[in-house]
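Colleague: The structure that follows is given in the form of C-alpha cells.
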Amino acid sequence: MKNVMIAALLLTEAGSVLASENVVQVGANYTYANLHVEGQSSFHGNLGGIQGSYEYIPWNGIYGGLRVVWRQGTTSNSEADRKLCYVDVQERVGYSFASCGCDWLLTLFSGFGYRYLGHTLEQSDASPVRFRYNEYYVPVGILSEHYFNSCWSLGANLIWMPQVDPTVGIVPLHGARWNLTNYLGNLLVELPISYHFMGNGCYSIVLKPFYERWGDGRSTAQAFNGQKLGLPKNRYNFWGLELNFSLNF
C-alpha cells in the first residue's frame, strides 16, 4: 500500500508539470559545424549562440509555438575561412495528446519557418565575399516527452523542414539575388533531458543534444545557350548542445 501511495504521489506531481500549458525557454547553445561546398574541401568549425521559445501546450488540445535561434562562428579548411551567421525563426501549430496517467506527452505540428545563413568567405589572395541565404520552409514535426517521476523527463523530437523559395544574395553584385533549387532533405533531431525542481514545479533545466542536416540548393540561373551560371550547392551538418532555463505556468 505504501508503494502504491508513493507511485500515485509521483504521478500527481508529474501531472502538475505536464498540465502547465505555457512554457517559456531561454538558453545558450554550442554547435560543431561541418560545411561542404560542392567541388571544395569541407569547412569545419565551432559556433555559439542563444535561443528562446514560447509554447502553448494544453492537455489534449491545440498546440502553438514560436522558436528563435541564433548561432555564429567561423569554419575553416586549408584554403579559406567562412564566417557563418545562422538565424532561424519557426512558428508551429498542431495538437498535443497526453496520457491518462499523466506520464507522457505527444505533439504533432506543422507551421512556417524562415532561415537566414550569412557566409563571409575570406581568402588570403582575395577580398572577402559575402553570401546571404534567405530560405523559407514548412516544418513538419513530432515532439514527445516521457515523465519518469516528478523530477526527470526525457524527450525525442523529429522535425522535417522542406524548403520553399530559397534565394541567395551576393554583396559585391550590388543587390543581385539568385533563386535556388529547393532542398527537401532538411532534418532536425533533438533529445531533451529535463530536470524539474521539486520545490517549485514551475522551473526546469533542460539539456538538449541535437543533430541538424541542412542544405542550400544550386542556383537556377542559365545563359542563353543553357550553360549553368550559378552557385554550387552547400550541405551542412550541425552537432550541438543547448542548455535552457524553462518557466512553466
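To be explicit about the labels: the chains of the C-alpha cells are called A, B, and onward in the order shown, and within each one the residues are counted from 1, while ligands get numbers from 1 in the order they are shown.
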List the neighbours of A:Thr31 out to 9 Å using only C-alpha atoms; skip same-chain residues closer than 2 positions along the sequence, and give me the result as an mmCIF file with all heavy atoms, in the first residue's frame.

Modeller:
data_model
loop_
_atom_site.group_PDB
_atom_site.id
_atom_site.type_symbol
_atom_site.label_atom_id
_atom_site.label_comp_id
_atom_site.auth_asym_id
_atom_site.auth_seq_id
_atom_site.Cartn_x
_atom_site.Cartn_y
_atom_site.Cartn_z
ATOM 1 N N ASN A 29 23.696 27.950 -26.617
ATOM 2 C CA ASN A 29 23.978 26.746 -27.388
ATOM 3 C C ASN A 29 25.424 26.724 -27.869
ATOM 4 O O ASN A 29 26.070 27.758 -28.049
ATOM 5 C CB ASN A 29 23.020 26.620 -28.578
ATOM 6 C CG ASN A 29 23.141 27.770 -29.570
ATOM 7 O OD1 ASN A 29 24.124 27.892 -30.297
ATOM 8 N ND2 ASN A 29 22.120 28.635 -29.605
ATOM 9 N N ALA A 33 30.165 22.559 -36.458
ATOM 10 C CA ALA A 33 29.613 22.660 -37.806
ATOM 11 C C ALA A 33 30.556 22.050 -38.833
ATOM 12 O O ALA A 33 31.775 22.263 -38.789
ATOM 13 C CB ALA A 33 29.356 24.127 -38.157
ATOM 14 N N GLY A 45 34.255 23.920 -37.994
ATOM 15 C CA GLY A 45 34.436 24.965 -37.000
ATOM 16 C C GLY A 45 33.394 24.906 -35.905
ATOM 17 O O GLY A 45 32.540 24.004 -35.869
ATOM 18 N N ASN A 46 33.458 25.886 -35.012
ATOM 19 C CA ASN A 46 32.589 25.952 -33.836
ATOM 20 C C ASN A 46 31.728 27.210 -33.873
ATOM 21 O O ASN A 46 32.210 28.281 -34.240
ATOM 22 C CB ASN A 46 33.428 25.947 -32.567
ATOM 23 C CG ASN A 46 34.328 24.734 -32.478
ATOM 24 O OD1 ASN A 46 33.849 23.611 -32.420
ATOM 25 N ND2 ASN A 46 35.637 24.956 -32.473
ATOM 26 N N LEU A 47 30.453 27.032 -33.487
ATOM 27 C CA LEU A 47 29.515 28.138 -33.409
ATOM 28 C C LEU A 47 28.963 28.218 -31.986
ATOM 29 O O LEU A 47 28.853 27.213 -31.284
ATOM 30 C CB LEU A 47 28.346 27.945 -34.383
ATOM 31 C CG LEU A 47 28.646 27.568 -35.834
ATOM 32 C CD1 LEU A 47 27.349 27.402 -36.612
ATOM 33 C CD2 LEU A 47 29.539 28.592 -36.495
ATOM 34 N N GLY A 48 28.582 29.414 -31.598
ATOM 35 C CA GLY A 48 27.922 29.612 -30.316
ATOM 36 C C GLY A 48 26.778 30.588 -30.475
ATOM 37 O O GLY A 48 26.747 31.374 -31.433
ATOM 38 N N GLY A 49 25.822 30.539 -29.555
ATOM 39 C CA GLY A 49 24.702 31.464 -29.677
ATOM 40 C C GLY A 49 23.688 31.302 -28.570
ATOM 41 O O GLY A 49 23.970 30.731 -27.510
ATOM 42 N N ARG A 71 23.038 31.530 -34.010
ATOM 43 C CA ARG A 71 24.359 30.956 -33.831
ATOM 44 C C ARG A 71 25.347 31.729 -34.705
ATOM 45 O O ARG A 71 24.975 32.199 -35.788
ATOM 46 C CB ARG A 71 24.422 29.480 -34.226
ATOM 47 C CG ARG A 71 23.275 28.610 -33.790
ATOM 48 C CD ARG A 71 23.524 27.152 -34.190
ATOM 49 N NE ARG A 71 22.290 26.409 -34.310
ATOM 50 C CZ ARG A 71 21.638 25.840 -33.308
ATOM 51 N NH1 ARG A 71 22.136 25.941 -32.081
ATOM 52 N NH2 ARG A 71 20.502 25.196 -33.507
ATOM 53 N N PHE A 238 25.214 19.935 -38.451
ATOM 54 C CA PHE A 238 25.388 20.613 -37.168
ATOM 55 C C PHE A 238 25.164 19.607 -36.040
ATOM 56 O O PHE A 238 24.089 18.995 -35.956
ATOM 57 C CB PHE A 238 24.385 21.753 -37.005
ATOM 58 C CG PHE A 238 24.497 22.851 -38.039
ATOM 59 C CD1 PHE A 238 23.462 23.092 -38.930
ATOM 60 C CD2 PHE A 238 25.630 23.646 -38.110
ATOM 61 C CE1 PHE A 238 23.550 24.108 -39.872
ATOM 62 C CE2 PHE A 238 25.726 24.668 -39.055
ATOM 63 C CZ PHE A 238 24.693 24.896 -39.935
ATOM 64 N N TRP A 239 26.164 19.438 -35.171
ATOM 65 C CA TRP A 239 26.012 18.653 -33.954
ATOM 66 C C TRP A 239 26.168 19.624 -32.788
ATOM 67 O O TRP A 239 27.111 20.435 -32.772
ATOM 68 C CB TRP A 239 27.087 17.579 -33.834
ATOM 69 C CG TRP A 239 27.042 16.505 -34.869
ATOM 70 C CD1 TRP A 239 26.382 15.312 -34.810
ATOM 71 C CD2 TRP A 239 27.725 16.506 -36.145
ATOM 72 N NE1 TRP A 239 26.605 14.571 -35.943
ATOM 73 C CE2 TRP A 239 27.418 15.283 -36.785
ATOM 74 C CE3 TRP A 239 28.548 17.424 -36.801
ATOM 75 C CZ2 TRP A 239 27.906 14.959 -38.038
ATOM 76 C CZ3 TRP A 239 29.035 17.107 -38.055
ATOM 77 C CH2 TRP A 239 28.718 15.889 -38.664
ATOM 78 N N GLY A 240 25.287 19.543 -31.813
ATOM 79 C CA GLY A 240 25.411 20.534 -30.757
ATOM 80 C C GLY A 240 24.649 20.205 -29.490
ATOM 81 O O GLY A 240 24.065 19.129 -29.336
ATOM 82 N N LEU A 241 24.663 21.184 -28.605
ATOM 83 C CA LEU A 241 24.052 21.049 -27.290
ATOM 84 C C LEU A 241 23.461 22.387 -26.882
ATOM 85 O O LEU A 241 24.118 23.426 -27.015
ATOM 86 C CB LEU A 241 25.112 20.617 -26.272
ATOM 87 C CG LEU A 241 24.639 20.194 -24.886
ATOM 88 C CD1 LEU A 241 23.827 18.906 -24.972
ATOM 89 C CD2 LEU A 241 25.844 20.001 -23.968
ATOM 90 N N GLU A 242 22.227 22.354 -26.397
ATOM 91 C CA GLU A 242 21.580 23.542 -25.837
ATOM 92 C C GLU A 242 21.397 23.348 -24.338
ATOM 93 O O GLU A 242 21.104 22.247 -23.866
ATOM 94 C CB GLU A 242 20.200 23.765 -26.462
ATOM 95 C CG GLU A 242 20.201 24.141 -27.918
ATOM 96 C CD GLU A 242 18.797 24.399 -28.447
ATOM 97 O OE1 GLU A 242 17.842 24.354 -27.624
ATOM 98 O OE2 GLU A 242 18.651 24.627 -29.648
#

Colleague: Can you tell me which residues surround A:Trp70 at a distance of at most 12 Å, considering only C-alpha atoms, apart from same-chain residues fewer than 5 positions away, and format the answer as a PyMOL selection string?

Modeller: chain A and resi 26-31+47-53+84-89+115-118+242

Colleague: Give me the residues within 6 Å of A:Gly111 as a PyMOL selection string, counting only C-alpha atoms and dropping any in the same chain fewer than 2 places off.

Modeller: chain A and resi 91-93+138-139

Colleague: Export, as an mmCIF file, in the first residue's frame, the selected residues with all heavy atoms.

Modeller:
data_model
loop_
_atom_site.group_PDB
_atom_site.id
_atom_site.type_symbol
_atom_site.label_atom_id
_atom_site.label_comp_id
_atom_site.auth_asym_id
_atom_site.auth_seq_id
_atom_site.Cartn_x
_atom_site.Cartn_y
_atom_site.Cartn_z
ATOM 1 N N GLU A 91 7.479 29.137 -36.479
ATOM 2 C CA GLU A 91 6.182 29.136 -35.771
ATOM 3 C C GLU A 91 5.502 27.806 -36.020
ATOM 4 O O GLU A 91 5.640 27.203 -37.087
ATOM 5 C CB GLU A 91 5.312 30.318 -36.202
ATOM 6 C CG GLU A 91 4.854 30.307 -37.642
ATOM 7 C CD GLU A 91 3.571 29.526 -37.839
ATOM 8 O OE1 GLU A 91 2.855 29.290 -36.842
ATOM 9 O OE2 GLU A 91 3.287 29.141 -38.997
ATOM 10 N N ARG A 92 4.752 27.341 -35.009
ATOM 11 C CA ARG A 92 4.191 25.992 -35.037
ATOM 12 C C ARG A 92 2.721 26.010 -34.626
ATOM 13 O O ARG A 92 2.341 26.737 -33.704
ATOM 14 C CB ARG A 92 4.947 25.072 -34.080
ATOM 15 C CG ARG A 92 6.448 24.987 -34.329
ATOM 16 C CD ARG A 92 7.141 24.273 -33.179
ATOM 17 N NE ARG A 92 8.559 24.054 -33.422
ATOM 18 C CZ ARG A 92 9.378 23.460 -32.561
ATOM 19 N NH1 ARG A 92 8.907 23.049 -31.381
ATOM 20 N NH2 ARG A 92 10.646 23.293 -32.871
ATOM 21 N N VAL A 93 1.946 25.157 -35.264
ATOM 22 C CA VAL A 93 0.549 24.923 -34.878
ATOM 23 C C VAL A 93 0.288 23.433 -35.007
ATOM 24 O O VAL A 93 0.645 22.820 -36.028
ATOM 25 C CB VAL A 93 -0.435 25.712 -35.756
ATOM 26 C CG1 VAL A 93 -1.876 25.388 -35.361
ATOM 27 C CG2 VAL A 93 -0.185 27.209 -35.648
ATOM 28 N N VAL A 138 8.711 24.726 -44.553
ATOM 29 C CA VAL A 138 7.499 24.267 -43.867
ATOM 30 C C VAL A 138 7.889 23.148 -42.902
ATOM 31 O O VAL A 138 8.171 22.026 -43.332
ATOM 32 C CB VAL A 138 6.445 23.767 -44.870
ATOM 33 C CG1 VAL A 138 5.204 23.253 -44.122
ATOM 34 C CG2 VAL A 138 6.067 24.869 -45.844
ATOM 35 N N PRO A 139 7.958 23.421 -41.590
ATOM 36 C CA PRO A 139 8.319 22.363 -40.643
ATOM 37 C C PRO A 139 7.158 21.393 -40.418
ATOM 38 O O PRO A 139 5.998 21.801 -40.311
ATOM 39 C CB PRO A 139 8.643 23.143 -39.364
ATOM 40 C CG PRO A 139 7.793 24.375 -39.450
ATOM 41 C CD PRO A 139 7.719 24.716 -40.920
#

Colleague: Of the residues A:Tyr54, A:Asp216, A:Asp103, A:Val206, which is the one nearest to A:Tyr133, using only C-alpha atoms?

Modeller: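 Closest to A:Tyr133 of all the choices is A:Asp216.
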
Colleague: With only C-alpha atoms as the atoms that count, which of A:Leu247, A:Ile57, A:Ile159, A:Val69 lies nearest to A:Glu190?

Modeller: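 Nearest to A:Glu190: A:Ile159.
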
Colleague: Neighbouring residues of A:Trp160 were defined as those with any atom within 7 Å, considering only C-alpha atoms; residues of the same chain fewer than 5 positions away were excluded. Please report them as a count of residues only.

Modeller: 6

Colleague: In terms of the shortest atom-to-atom distance over only C-alpha atoms, which of A:Ser150, A:Pro172, A:Gly155, A:Gln90 is closest to A:Ser127?

Modeller: A:Pro172

Colleague: Let's see if you can do this: from backbone DSSP, list all strand (DSSP E or B) residues in stretch 125-171 of chain A, as JSON, numbers by chain.

Modeller: {"A": [129, 130, 131, 132, 133, 134, 135, 136, 137, 140, 141, 142, 143, 144, 145, 146, 147, 152, 153, 154, 155, 156, 157, 158, 159, 160, 163, 164, 165, 166, 167, 168, 169, 170]}

Colleague: Determine, counting only C-alpha atoms, which protein, DNA and RNA residues have an atom within 12 Å of an atom of A:Tyr183; residues of the same chain fewer than 5 positions away are not included. Present the result as a list in words.

Modeller: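 Selected residues are Glu135, Tyr136, Tyr137, Val138, Trp160, Met161, Pro162, Gln163, Val164, Asp165, Pro166, Thr167, Arg213, Trp214, Gly215, Asp216, Gly217, Arg218, Ser219, Lys233, Asn234, Arg235 and Tyr236 of chain A.
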
Colleague: Can you write out the residues you just picked, keeping C-alpha atoms, as a tab-separated table (two decimals), in the first residue's frame?

Modeller:
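File produced: again14.tsv:
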chain	number	residue	atom	x	y	z
A	135	GLU	CA	15.23	30.37	-47.10
A	136	TYR	CA	11.60	29.73	-46.20
A	137	TYR	CA	10.46	26.27	-45.20
A	138	VAL	CA	7.50	24.27	-43.87
A	160	TRP	CA	11.40	17.68	-41.26
A	161	MET	CA	11.91	21.09	-42.91
A	162	PRO	CA	11.42	21.13	-46.73
A	163	GLN	CA	12.29	24.47	-48.31
A	164	VAL	CA	10.06	26.90	-50.20
A	165	ASP	CA	11.50	29.67	-52.45
A	166	PRO	CA	15.16	29.83	-51.24
A	167	THR	CA	17.35	32.65	-52.57
A	213	ARG	CA	21.14	18.42	-41.52
A	214	TRP	CA	20.54	21.39	-43.82
A	215	GLY	CA	21.19	22.18	-47.47
A	216	ASP	CA	21.32	25.09	-49.90
A	217	GLY	CA	20.39	24.09	-53.44
A	218	ARG	CA	22.27	25.10	-56.58
A	219	SER	CA	21.22	28.35	-58.20
A	233	LYS	CA	25.08	23.56	-53.53
A	234	ASN	CA	26.02	23.60	-49.83
A	235	ARG	CA	25.46	20.85	-47.27
A	236	TYR	CA	25.62	21.48	-43.52

Colleague: Quick one: of A:Val168, A:Cys151, A:Leu231, A:Ala156, who's nearest to A:Ser194, counting only C-alpha atoms?

Modeller: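 The answer is A:Cys151, which sits nearest to A:Ser194.
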
Colleague: Kindly give the distance, in Å, that separates atom CA of A:Arg82 and atom CA of A:Glu122, rounded to a single decimal.

Modeller: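 Spanning atom CA of A:Arg82 to atom CA of A:Glu122 is a straight-line distance of 6.3 Å.
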
Colleague: So which one's closest to A:Ser153, A:Gly169, A:Asp125, A:Phe197, A:Arg67? Using only C-alpha atoms, please.

Modeller: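 Among the listed residues, A:Phe197 lies closest to A:Ser153.
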